[in-house]
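Listing of data-v6.txt; format and content: compact mmCIF, C-alpha atoms and all ligand atoms.
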# COMPACT_ATOMS: atom_id res chain seq x y z
CA MET A 1 -35.33 -53.76 23.33
CA ARG A 2 -34.96 -57.44 24.15
CA ASN A 3 -31.39 -57.24 25.06
CA MET A 4 -30.24 -53.93 26.39
CA LYS A 5 -26.78 -55.24 27.25
CA LYS A 6 -26.22 -56.31 23.71
CA ILE A 7 -27.20 -52.92 22.39
CA VAL A 8 -24.91 -51.16 24.82
CA ALA A 9 -22.08 -53.50 23.87
CA LEU A 10 -22.72 -52.82 20.21
CA MET A 11 -22.75 -49.10 20.78
CA LEU A 12 -19.52 -49.36 22.69
CA ALA A 13 -17.92 -51.41 19.95
CA PHE A 14 -19.11 -48.90 17.39
CA SER A 15 -17.67 -45.97 19.29
CA LEU A 16 -14.39 -47.85 19.62
CA VAL A 17 -14.37 -48.38 15.89
CA LEU A 18 -14.98 -44.66 15.49
CA VAL A 19 -12.03 -43.85 17.68
CA GLY A 20 -10.00 -46.46 15.85
CA CYS A 21 -10.95 -44.91 12.56
CA THR A 22 -9.96 -41.55 13.98
CA SER A 23 -13.34 -39.93 13.59
CA LYS A 24 -13.77 -37.21 16.14
CA SER A 25 -15.57 -38.63 19.13
CA THR A 26 -18.62 -36.77 20.28
CA GLY A 27 -17.85 -37.25 23.95
CA GLY A 28 -17.50 -33.57 24.67
CA ASN A 29 -14.92 -33.96 27.39
CA THR A 30 -12.17 -35.45 25.30
CA GLY A 31 -10.79 -32.29 23.76
CA PRO A 32 -7.22 -31.13 24.20
CA GLY A 33 -6.21 -30.60 27.77
CA THR A 34 -8.12 -33.43 29.41
CA SER A 35 -5.66 -35.99 30.52
CA ALA A 36 -7.45 -39.13 31.59
CA GLU A 37 -9.52 -39.76 28.49
CA GLN A 38 -7.54 -38.23 25.69
CA GLU A 39 -8.76 -38.96 22.26
CA LYS A 40 -6.56 -41.17 20.11
CA PHE A 41 -6.10 -40.74 16.40
CA VAL A 42 -4.92 -43.14 13.74
CA ILE A 43 -3.27 -41.93 10.54
CA ARG A 44 -3.32 -44.48 7.77
CA ALA A 45 -0.65 -43.40 5.30
CA GLY A 46 -0.59 -45.18 1.96
CA ILE A 47 1.82 -44.99 -0.97
CA GLY A 48 2.22 -46.74 -4.31
CA LEU A 49 5.91 -47.60 -4.07
CA ASN A 50 7.34 -50.48 -2.06
CA ASP A 51 8.84 -50.46 1.42
CA GLN A 52 12.40 -50.31 0.08
CA HIS A 53 11.87 -46.90 -1.49
CA PRO A 54 13.09 -43.67 0.15
CA GLN A 55 9.47 -42.51 0.16
CA PHE A 56 8.63 -45.29 2.62
CA LYS A 57 11.75 -44.46 4.67
CA GLY A 58 10.45 -40.90 4.86
CA LEU A 59 7.13 -42.16 6.15
CA GLU A 60 8.95 -44.19 8.81
CA VAL A 61 10.66 -41.00 9.96
CA PHE A 62 7.28 -39.23 10.01
CA LYS A 63 5.71 -42.06 12.02
CA GLU A 64 8.50 -42.08 14.54
CA TYR A 65 8.37 -38.31 15.00
CA VAL A 66 4.60 -38.00 15.24
CA GLU A 67 4.11 -40.92 17.61
CA ARG A 68 6.86 -39.64 19.89
CA GLU A 69 5.88 -35.97 19.86
CA SER A 70 2.19 -36.71 20.27
CA GLU A 71 3.06 -38.94 23.22
CA GLY A 72 1.09 -41.76 21.72
CA ARG A 73 -2.06 -39.78 20.99
CA ILE A 74 -1.45 -40.40 17.30
CA GLU A 75 -0.68 -43.78 15.82
CA VAL A 76 0.64 -43.86 12.26
CA GLN A 77 0.03 -46.98 10.19
CA LEU A 78 2.02 -47.36 6.98
CA PHE A 79 0.85 -49.07 3.78
CA HIS A 80 3.01 -49.45 0.68
CA SER A 81 2.78 -50.99 -2.81
CA SER A 82 -0.71 -49.58 -3.53
CA GLN A 83 -2.19 -51.70 -0.70
CA LEU A 84 -4.72 -48.89 -0.14
CA GLY A 85 -5.14 -48.07 -3.85
CA ASP A 86 -3.36 -46.03 -6.49
CA ASP A 87 -2.46 -42.35 -6.15
CA ILE A 88 -5.76 -41.03 -7.51
CA GLN A 89 -7.88 -43.46 -5.51
CA MET A 90 -6.04 -42.59 -2.31
CA MET A 91 -6.47 -38.85 -2.88
CA GLU A 92 -10.17 -39.44 -3.36
CA ALA A 93 -10.27 -41.42 -0.13
CA LEU A 94 -8.62 -38.47 1.61
CA GLN A 95 -11.27 -36.14 0.23
CA LEU A 96 -13.97 -38.43 1.62
CA GLY A 97 -12.19 -38.80 4.93
CA SER A 98 -11.91 -42.57 4.62
CA GLN A 99 -8.09 -42.45 4.58
CA GLU A 100 -5.90 -39.92 6.35
CA MET A 101 -2.64 -39.56 4.43
CA THR A 102 -0.91 -40.22 1.13
CA CYS A 103 2.05 -38.97 -0.86
CA PRO A 104 1.45 -38.87 -4.63
CA SER A 105 3.69 -37.36 -7.26
CA THR A 106 2.53 -33.94 -8.35
CA ALA A 107 1.52 -35.41 -11.74
CA PRO A 108 -1.65 -37.28 -10.66
CA ILE A 109 -2.67 -34.35 -8.41
CA THR A 110 -3.59 -32.49 -11.60
CA SER A 111 -6.75 -34.62 -11.83
CA ILE A 112 -7.86 -32.62 -8.76
CA ASP A 113 -6.01 -29.32 -9.12
CA LYS A 114 -4.69 -28.21 -12.50
CA ARG A 115 -2.22 -25.73 -11.08
CA PHE A 116 0.02 -28.67 -10.20
CA MET A 117 0.78 -29.16 -13.87
CA ALA A 118 3.28 -26.34 -13.37
CA PHE A 119 5.87 -28.53 -11.69
CA ASP A 120 5.66 -31.25 -14.34
CA LEU A 121 6.76 -29.08 -17.23
CA PRO A 122 9.69 -30.76 -18.97
CA PHE A 123 13.23 -29.66 -18.13
CA LEU A 124 11.96 -27.12 -15.61
CA PHE A 125 14.18 -27.41 -12.54
CA PRO A 126 17.90 -27.26 -13.37
CA SER A 127 18.93 -28.74 -10.00
CA PRO A 128 17.36 -30.36 -6.94
CA GLN A 129 18.48 -27.36 -4.89
CA ILE A 130 16.55 -24.97 -7.12
CA ALA A 131 13.56 -27.32 -6.96
CA ASP A 132 13.77 -27.23 -3.14
CA ALA A 133 13.96 -23.42 -3.09
CA ILE A 134 10.87 -23.03 -5.25
CA LEU A 135 8.82 -25.83 -3.75
CA ASP A 136 9.60 -24.79 -0.16
CA GLY A 137 9.18 -21.09 -0.98
CA PRO A 138 6.07 -18.94 -1.48
CA ILE A 139 5.10 -20.44 -4.87
CA GLY A 140 5.18 -23.99 -3.60
CA GLN A 141 3.28 -22.98 -0.48
CA GLU A 142 0.61 -21.21 -2.53
CA LEU A 143 -0.08 -24.41 -4.44
CA LEU A 144 -0.13 -26.51 -1.27
CA ASP A 145 -2.58 -24.08 0.33
CA GLY A 146 -4.79 -24.24 -2.76
CA LEU A 147 -5.39 -27.94 -2.11
CA GLN A 148 -7.64 -27.02 0.82
CA GLU A 149 -10.33 -26.09 -1.70
CA SER A 150 -10.27 -29.73 -2.76
CA GLY A 151 -10.50 -31.16 0.74
CA LEU A 152 -6.78 -31.87 1.04
CA VAL A 153 -4.12 -30.42 3.31
CA GLY A 154 -0.77 -30.20 1.52
CA LEU A 155 1.91 -30.61 4.18
CA ALA A 156 5.24 -30.68 2.36
CA TYR A 157 7.03 -31.51 -0.86
CA TRP A 158 9.12 -34.64 -0.72
CA GLU A 159 11.24 -35.92 -3.61
CA ASN A 160 10.51 -38.51 -6.23
CA GLY A 161 13.30 -37.12 -8.42
CA TYR A 162 14.46 -36.65 -11.99
CA ARG A 163 12.69 -39.05 -14.26
CA HIS A 164 14.50 -41.22 -16.79
CA LEU A 165 13.31 -43.39 -19.63
CA THR A 166 13.48 -47.17 -19.66
CA ASN A 167 12.37 -49.50 -22.42
CA ASN A 168 12.74 -52.92 -23.80
CA LYS A 169 13.28 -52.24 -27.48
CA VAL A 170 15.92 -49.62 -28.36
CA ALA A 171 19.01 -48.05 -26.81
CA VAL A 172 17.43 -44.60 -26.96
CA SER A 173 19.82 -41.69 -27.33
CA SER A 174 17.76 -39.31 -29.48
CA PRO A 175 14.11 -38.35 -29.86
CA ALA A 176 14.11 -40.16 -33.22
CA ASP A 177 14.80 -43.44 -31.41
CA MET A 178 11.50 -43.05 -29.61
CA THR A 179 9.27 -43.11 -32.64
CA GLY A 180 6.35 -45.43 -31.99
CA LEU A 181 7.56 -46.63 -28.60
CA LYS A 182 4.66 -47.38 -26.27
CA ILE A 183 5.49 -45.57 -23.06
CA ARG A 184 3.47 -45.75 -19.88
CA THR A 185 3.07 -42.27 -18.42
CA MET A 186 1.47 -40.93 -15.29
CA GLU A 187 -2.09 -39.70 -15.64
CA ASN A 188 -1.18 -36.12 -16.56
CA GLN A 189 -1.78 -34.06 -19.71
CA VAL A 190 1.66 -32.46 -19.66
CA HIS A 191 3.37 -35.84 -19.63
CA LEU A 192 1.14 -37.11 -22.43
CA ASP A 193 1.92 -34.08 -24.56
CA PHE A 194 5.63 -34.38 -23.90
CA PHE A 195 5.77 -37.99 -25.08
CA ARG A 196 3.65 -37.27 -28.12
CA ALA A 197 6.04 -34.46 -29.03
CA LEU A 198 8.83 -37.03 -28.93
CA GLY A 199 6.94 -39.26 -31.37
CA ALA A 200 6.21 -41.94 -28.78
CA GLN A 201 2.82 -43.48 -28.00
CA PRO A 202 2.06 -42.55 -24.40
CA THR A 203 -0.30 -44.75 -22.40
CA PRO A 204 -1.39 -43.33 -19.04
CA MET A 205 -1.98 -45.84 -16.26
CA PRO A 206 -1.65 -46.08 -12.46
CA PHE A 207 1.72 -47.12 -11.13
CA GLY A 208 0.39 -50.33 -9.62
CA GLU A 209 -0.41 -51.74 -13.06
CA LEU A 210 2.92 -50.82 -14.60
CA PHE A 211 5.11 -53.84 -13.84
CA THR A 212 2.63 -56.30 -15.30
CA ALA A 213 2.03 -54.05 -18.31
CA MET A 214 5.75 -54.12 -19.07
CA GLN A 215 6.01 -57.84 -18.42
CA GLN A 216 3.16 -58.58 -20.81
CA GLY A 217 4.38 -56.14 -23.44
CA VAL A 218 1.35 -53.88 -23.16
CA VAL A 219 3.91 -51.08 -23.04
CA ASP A 220 7.53 -51.04 -24.23
CA GLY A 221 8.72 -48.69 -21.56
CA GLN A 222 8.12 -46.20 -18.81
CA GLU A 223 9.84 -43.35 -17.04
CA ASN A 224 10.67 -42.94 -13.37
CA PRO A 225 13.58 -41.89 -11.18
CA VAL A 226 16.53 -44.24 -10.63
CA PRO A 227 15.52 -45.39 -7.10
CA THR A 228 12.16 -46.58 -8.44
CA ILE A 229 13.66 -48.34 -11.48
CA TYR A 230 16.11 -50.13 -9.21
CA LEU A 231 14.03 -50.85 -6.12
CA GLN A 232 10.94 -51.98 -8.05
CA ASN A 233 13.14 -54.36 -10.08
CA PHE A 234 12.18 -52.92 -13.44
CA ASN A 235 15.44 -54.44 -14.74
CA GLU A 236 13.57 -57.76 -14.79
CA VAL A 237 11.32 -56.47 -17.55
CA GLN A 238 13.34 -53.61 -19.13
CA LYS A 239 16.67 -53.65 -20.96
CA TYR A 240 17.62 -50.01 -21.43
CA THR A 241 17.73 -46.98 -19.18
CA THR A 242 18.37 -43.62 -20.83
CA LEU A 243 19.28 -40.93 -18.33
CA THR A 244 17.07 -38.28 -19.89
CA GLY A 245 16.26 -36.45 -16.64
CA HIS A 246 13.37 -34.97 -18.61
CA VAL A 247 11.36 -33.81 -15.63
CA TYR A 248 11.79 -33.39 -11.89
CA SER A 249 8.99 -35.12 -10.06
CA PRO A 250 8.07 -33.86 -6.58
CA PHE A 251 5.93 -35.79 -4.12
CA VAL A 252 3.32 -34.02 -2.03
CA LEU A 253 2.73 -35.36 1.46
CA MET A 254 -0.93 -34.64 2.06
CA MET A 255 -3.65 -35.24 4.58
CA SER A 256 -7.42 -35.48 4.51
CA LYS A 257 -8.83 -32.06 5.42
CA ILE A 258 -11.73 -33.70 7.22
CA PHE A 259 -9.28 -35.58 9.41
CA TYR A 260 -6.90 -32.64 9.87
CA ASP A 261 -9.69 -30.29 10.91
CA GLY A 262 -10.75 -32.80 13.55
CA LEU A 263 -7.32 -32.83 15.18
CA PRO A 264 -6.68 -30.63 18.21
CA THR A 265 -4.39 -27.75 17.23
CA ASP A 266 -1.40 -29.08 19.15
CA LEU A 267 -1.57 -32.30 17.15
CA GLN A 268 -2.02 -30.42 13.87
CA GLU A 269 1.25 -28.73 14.76
CA VAL A 270 2.96 -32.07 15.44
CA VAL A 271 1.79 -33.38 12.05
CA ARG A 272 3.07 -30.27 10.27
CA GLU A 273 6.45 -30.46 11.97
CA GLY A 274 6.73 -34.17 11.32
CA ALA A 275 6.11 -33.61 7.62
CA ILE A 276 9.03 -31.17 7.45
CA VAL A 277 11.45 -33.19 9.58
CA ALA A 278 10.70 -36.27 7.46
CA ARG A 279 10.96 -34.23 4.25
CA ASP A 280 14.56 -33.30 4.94
CA GLU A 281 15.51 -36.89 5.73
CA GLN A 282 13.55 -38.27 2.80
CA ARG A 283 15.27 -35.94 0.34
CA ALA A 284 18.69 -36.79 1.75
CA ILE A 285 18.04 -40.53 1.49
CA ASN A 286 16.58 -40.18 -1.99
CA ARG A 287 19.58 -38.22 -3.25
CA ALA A 288 22.04 -40.70 -1.79
CA TYR A 289 20.14 -43.59 -3.40
CA THR A 290 19.95 -41.75 -6.73
CA GLU A 291 23.75 -41.43 -6.82
CA GLU A 292 24.45 -45.00 -5.82
CA LEU A 293 21.86 -46.81 -7.82
CA ALA A 294 22.63 -45.71 -11.38
CA ASP A 295 25.63 -48.06 -11.26
CA GLY A 296 23.41 -50.55 -9.51
CA LEU A 297 21.25 -50.71 -12.63
CA ARG A 298 24.31 -51.71 -14.65
CA GLU A 299 25.17 -54.33 -12.07
CA LYS A 300 21.66 -55.69 -12.45
CA GLY A 301 22.34 -56.10 -16.16
CA MET A 302 20.66 -53.06 -17.69
CA THR A 303 22.28 -51.00 -20.40
CA VAL A 304 22.48 -47.46 -19.04
CA ILE A 305 22.80 -44.71 -21.62
CA GLU A 306 24.13 -41.34 -20.51
CA LEU A 307 23.35 -38.41 -22.77
CA THR A 308 25.83 -35.72 -23.78
CA PRO A 309 24.62 -32.15 -23.19
CA GLU A 310 23.90 -31.89 -26.94
CA GLN A 311 21.84 -35.06 -26.91
CA GLN A 312 19.90 -33.83 -23.92
CA LEU A 313 19.28 -30.54 -25.64
CA ALA A 314 17.71 -32.42 -28.55
CA PHE A 315 15.09 -33.83 -26.17
CA GLN A 316 14.53 -30.40 -24.72
CA THR A 317 14.13 -28.75 -28.12
CA ALA A 318 11.76 -31.43 -29.37
CA THR A 319 9.46 -30.79 -26.42
CA SER A 320 9.73 -27.03 -25.97
CA SER A 321 6.20 -26.59 -27.37
CA THR A 322 4.81 -28.30 -24.26
CA VAL A 323 5.56 -25.32 -22.02
CA GLU A 324 3.84 -22.92 -24.41
CA LYS A 325 0.84 -25.18 -24.80
CA PHE A 326 0.17 -25.36 -21.08
CA ARG A 327 1.17 -21.90 -19.95
CA ASN A 328 -2.38 -20.54 -20.08
CA GLU A 329 -4.10 -23.67 -18.88
CA ILE A 330 -1.92 -23.80 -15.77
CA GLY A 331 -2.16 -20.06 -15.31
CA ALA A 332 0.34 -17.84 -17.10
CA GLU A 333 0.99 -15.93 -13.91
CA THR A 334 2.04 -19.02 -11.97
CA VAL A 335 4.21 -20.34 -14.80
CA ASN A 336 5.88 -16.99 -15.36
CA LYS A 337 6.56 -16.58 -11.67
CA ILE A 338 8.19 -20.01 -11.51
CA LEU A 339 10.29 -19.40 -14.63
CA ALA A 340 11.44 -15.98 -13.36
CA GLU A 341 12.36 -17.45 -9.99
CA ILE A 342 14.34 -20.28 -11.60
CA GLU A 343 16.15 -17.71 -13.72
CA ARG A 344 16.97 -15.65 -10.63
CA LEU A 345 18.20 -18.67 -8.66
CA SER A 346 20.30 -19.93 -11.57
CA ASN A 347 22.43 -16.79 -11.69
C1 LIG A 401 4.54 -42.97 -11.11
C2 LIG A 401 5.10 -42.20 -9.93
C3 LIG A 401 4.89 -43.12 -8.74
C4 LIG A 401 4.53 -42.43 -7.47
C5 LIG A 401 4.08 -43.41 -6.40
C6 LIG A 401 3.21 -44.51 -6.88
O1 LIG A 401 5.30 -43.32 -11.99
O2 LIG A 401 6.43 -41.85 -10.11
O3 LIG A 401 6.00 -43.91 -8.56
O4 LIG A 401 3.57 -41.44 -7.66
O5 LIG A 401 3.46 -42.74 -5.37
O6 LIG A 401 3.36 -43.20 -11.10

If you took the structure in this file and wrote it as structure tokens, what would it be?
Amino acid sequence: MRNMKKIVALMLAFSLVLVGCTSKSTGGNTGPGTSAEQEKFVIRAGIGLNDQHPQFKGLEVFKEYVERESEGRIEVQLFHSSQLGDDIQMMEALQLGSQEMTCPSTAPITSIDKRFMAFDLPFLFPSPQIADAILDGPIGQELLDGLQESGLVGLAYWENGYRHLTNNKVAVSSPADMTGLKIRTMENQVHLDFFRALGAQPTPMPFGELFTAMQQGVVDGQENPVPTIYLQNFNEVQKYTTLTGHVYSPFVLMMSKIFYDGLPTDLQEVVREGAIVARDEQRAINRAYTEELADGLREKGMTVIELTPEQQLAFQTATSSTVEKFRNEIGAETVNKILAEIERLSN
């Protein structure tokens, strides 16, 4: 105890760090309702895409909403381009409580919760509106709620979008054209199976490694929605885009359960509302970009191949076994419910 002052200063610094890192302070008198010394929280939200992408715009809307409605009691810090890690690493950080928020595609969530394979079945959602209805309805909610078991709080579905194929080798217009193509996929069994069924060689890897893998020819191609292909400049390393629309890819905005449980209830409410307000904006921006940017890909020098309904059907037929293969693994009840609901909404 040579230097009491130093120890006190250290303790103070440490408690400041704790507050800064959003851990719940143990002060006892800083709960909701006390005005002078209200606890402050920091949400670090990380994504894999860059700051041009509608996903980041959605996070900006979330930040704005939450900081305003919490009257400054929450600060939201945004990180893009895998600055905090890839989708799986960030989810793990959320589980540990060392990061507060992320927004992966549903595909990598399956490494934590298999039920999410349901939404990545090929050619599942016939329109974004039907996707919205199911994701925002009871089935979508049930899956979000299930994430709690894994230490995650699923807040809302945002939109990544319909995924399309790009590659550097062939102007693909039929499954036969894909024979032997090395395609990077997300880390998800359904996606792997789908690309095997098409005769391609799927290689799963995190998004952050993809650009370099294409540049160096480790893979011939990949698949992602139009805004990603355009905004991540995949045209620099890919020649052809085939508008396969083979799967609709939702995002899930999620929070660390450890962090969420430590928030006063009024702030939990603000976070939940912010996720929904931002969802609606994010989807609108994403859909506008999706429409505009297909031509943008041509302007950037890519060959864009549109498929006739017959050609698209050939992709669907070639991969119809995927649904059957995964029905039981996902849970036949969940899959059947989703298929029945799509059927109902389509009529
Ligand atoms: C992929 C996904 C990603 C997103 C993003 C990194 O291809 O579409 O773009 O999950 O969060 O990995």

Which residues of chain A have any atom within 7 Å of an atom in ligand LIG 401 (chain A) when counting all atoms listed in the file, and what is the closest pair of atoms for each, with the distance in Å to one decimal? Order the rows by chain and rising number and write it as JSON lines.
{"residue": "A:Ile47", "atom": "CA", "partner": "A:LIG401", "partner_atom": "O5", "distance": 5.2}
{"residue": "A:Gly48", "atom": "CA", "partner": "A:LIG401", "partner_atom": "C6", "distance": 3.5}
{"residue": "A:Leu49", "atom": "CA", "partner": "A:LIG401", "partner_atom": "C6", "distance": 5.0}
{"residue": "A:Asp86", "atom": "CA", "partner": "A:LIG401", "partner_atom": "C6", "distance": 6.8}
{"residue": "A:Asp87", "atom": "CA", "partner": "A:LIG401", "partner_atom": "O5", "distance": 6.0}
{"residue": "A:Cys103", "atom": "CA", "partner": "A:LIG401", "partner_atom": "O5", "distance": 6.0}
{"residue": "A:Pro104", "atom": "CA", "partner": "A:LIG401", "partner_atom": "O5", "distance": 4.4}
{"residue": "A:Ser105", "atom": "CA", "partner": "A:LIG401", "partner_atom": "O4", "distance": 4.1}
{"residue": "A:Asn160", "atom": "CA", "partner": "A:LIG401", "partner_atom": "O2", "distance": 6.5}
{"residue": "A:Thr185", "atom": "CA", "partner": "A:LIG401", "partner_atom": "O1", "distance": 6.9}
{"residue": "A:Met186", "atom": "CA", "partner": "A:LIG401", "partner_atom": "O6", "distance": 5.1}
{"residue": "A:Pro206", "atom": "CA", "partner": "A:LIG401", "partner_atom": "O6", "distance": 5.9}
{"residue": "A:Phe207", "atom": "CA", "partner": "A:LIG401", "partner_atom": "O6", "distance": 4.2}
{"residue": "A:Glu223", "atom": "CA", "partner": "A:LIG401", "partner_atom": "O1", "distance": 6.8}
{"residue": "A:Asn224", "atom": "CA", "partner": "A:LIG401", "partner_atom": "O2", "distance": 5.5}
{"residue": "A:Thr228", "atom": "CA", "partner": "A:LIG401", "partner_atom": "O3", "distance": 6.7}

Counting all atoms listed in the file, which residues of segment 128-168 of chain A sit at most 12 Å from some atom of segment 304-317 of chain A, and what is each one's closest atom pair with its distance in Å to one decimal, listed by chain and rising residue number, as a Markdown table?
| residue | atom | partner | partner_atom | distance |
| --- | --- | --- | --- | --- |
| A:His164 | CA | A:Ile305 | CA | 10.2 |
| A:Leu165 | CA | A:Ile305 | CA | 9.8 |
| A:Thr166 | CA | A:Val304 | CA | 9.0 |
| A:Asn167 | CA | A:Val304 | CA | 10.9 |

Could you name the residues that touch Asn286 of chain A at 7 Å or less, counting all atoms listed in the file, but leaving out those on the same chain fewer than 4 positions away, as a PDB file with C-alpha atoms, in the coordinates of the input?
ATOM      1  CA  PRO A  54      13.090 -43.670   0.150  1.00  0.00           C
ATOM      2  CA  GLN A 282      13.550 -38.270   2.800  1.00  0.00           C
ATOM      3  CA  THR A 290      19.950 -41.750  -6.730  1.00  0.00           C
TER       4      THR A 290
END

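Take atom CA of Leu135 of chain A and atom CA of Leu339 of chain A: the distance between them is 12.7 Å.
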
Quick one: everything within 7 Å of segment 266-271 of chain A, counting all atoms listed in the file, minus sequence neighbours fewer than 6 positions away in the same chain. Send it as a list in words.
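Here the qualifying residues turn out to be Val66, Glu69, Ser70 and Tyr260 of chain A.
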
Between A:Lys169, A:His53, A:Arg272, A:Lys337, which is the closest to Asn233 of chain A once you count only C-alpha atoms?
A:His53

Would you kindly return, as an MDAnalysis selection string, each protein, DNA or RNA residue with an atom no farther than 9 Å from any atom of Ile330 of chain A, considering all atoms listed in the file and excluding same-chain residues fewer than 5 positions away?
chainID A and resid 114:118 335

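Taking atom CA of Met254 of chain A and atom CA of Val42 of chain A as endpoints, the distance between them is 15.0 Å.
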
Please write segment 209-230 of chain A of the preceding block to a file containing N, CA and C atoms, as a short mmCIF file (atom, residue, chain, number, x, y, z; two decimals), in the first residue's frame?
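Dumped to decode-v9.cif:
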data_model
loop_
_atom_site.label_atom_id
_atom_site.label_comp_id
_atom_site.auth_asym_id
_atom_site.auth_seq_id
_atom_site.Cartn_x
_atom_site.Cartn_y
_atom_site.Cartn_z
N GLU A 209 -12.41 -12.78 -46.57
CA GLU A 209 -11.30 -13.36 -47.34
C GLU A 209 -11.62 -13.49 -48.83
N LEU A 210 -12.88 -13.14 -49.16
CA LEU A 210 -13.38 -13.45 -50.50
C LEU A 210 -12.69 -12.67 -51.61
N PHE A 211 -12.55 -11.37 -51.45
CA PHE A 211 -12.01 -10.56 -52.54
C PHE A 211 -10.63 -11.05 -52.96
N THR A 212 -9.78 -11.25 -51.98
CA THR A 212 -8.42 -11.73 -52.26
C THR A 212 -8.45 -13.11 -52.89
N ALA A 213 -9.36 -13.96 -52.41
CA ALA A 213 -9.45 -15.32 -52.97
C ALA A 213 -9.82 -15.27 -54.45
N MET A 214 -10.68 -14.33 -54.82
CA MET A 214 -11.04 -14.20 -56.23
C MET A 214 -9.88 -13.62 -57.03
N GLN A 215 -9.25 -12.61 -56.44
CA GLN A 215 -8.12 -11.95 -57.09
C GLN A 215 -7.00 -12.94 -57.39
N GLN A 216 -6.76 -13.83 -56.44
CA GLN A 216 -5.64 -14.77 -56.59
C GLN A 216 -6.05 -16.05 -57.28
N GLY A 217 -7.32 -16.14 -57.67
CA GLY A 217 -7.78 -17.33 -58.39
C GLY A 217 -7.96 -18.56 -57.51
N VAL A 218 -8.02 -18.35 -56.20
CA VAL A 218 -8.30 -19.48 -55.30
C VAL A 218 -9.71 -19.99 -55.57
N VAL A 219 -10.61 -19.07 -55.89
CA VAL A 219 -11.95 -19.45 -56.35
C VAL A 219 -12.22 -18.75 -57.68
N ASP A 220 -13.12 -19.37 -58.49
CA ASP A 220 -13.49 -18.76 -59.77
C ASP A 220 -14.64 -17.77 -59.59
N GLY A 221 -15.42 -18.00 -58.54
CA GLY A 221 -16.60 -17.17 -58.40
C GLY A 221 -17.18 -17.19 -57.01
N GLN A 222 -18.31 -16.52 -56.89
CA GLN A 222 -18.99 -16.40 -55.60
C GLN A 222 -20.43 -16.05 -55.89
N GLU A 223 -21.22 -15.91 -54.84
CA GLU A 223 -22.61 -15.50 -55.02
C GLU A 223 -23.01 -14.56 -53.90
N ASN A 224 -23.63 -13.47 -54.29
CA ASN A 224 -24.08 -12.45 -53.34
C ASN A 224 -25.12 -11.57 -54.04
N PRO A 225 -25.87 -10.80 -53.28
CA PRO A 225 -26.83 -9.89 -53.90
C PRO A 225 -26.14 -8.76 -54.68
N VAL A 226 -26.89 -8.15 -55.59
CA VAL A 226 -26.35 -7.10 -56.46
C VAL A 226 -25.67 -5.96 -55.68
N PRO A 227 -26.28 -5.43 -54.61
CA PRO A 227 -25.59 -4.31 -53.92
C PRO A 227 -24.18 -4.69 -53.46
N THR A 228 -24.01 -5.92 -53.00
CA THR A 228 -22.68 -6.35 -52.55
C THR A 228 -21.72 -6.47 -53.73
N ILE A 229 -22.17 -7.09 -54.82
CA ILE A 229 -21.30 -7.26 -55.98
C ILE A 229 -20.81 -5.89 -56.46
N TYR A 230 -21.73 -4.95 -56.48
CA TYR A 230 -21.41 -3.61 -56.98
C TYR A 230 -20.56 -2.82 -55.98
#
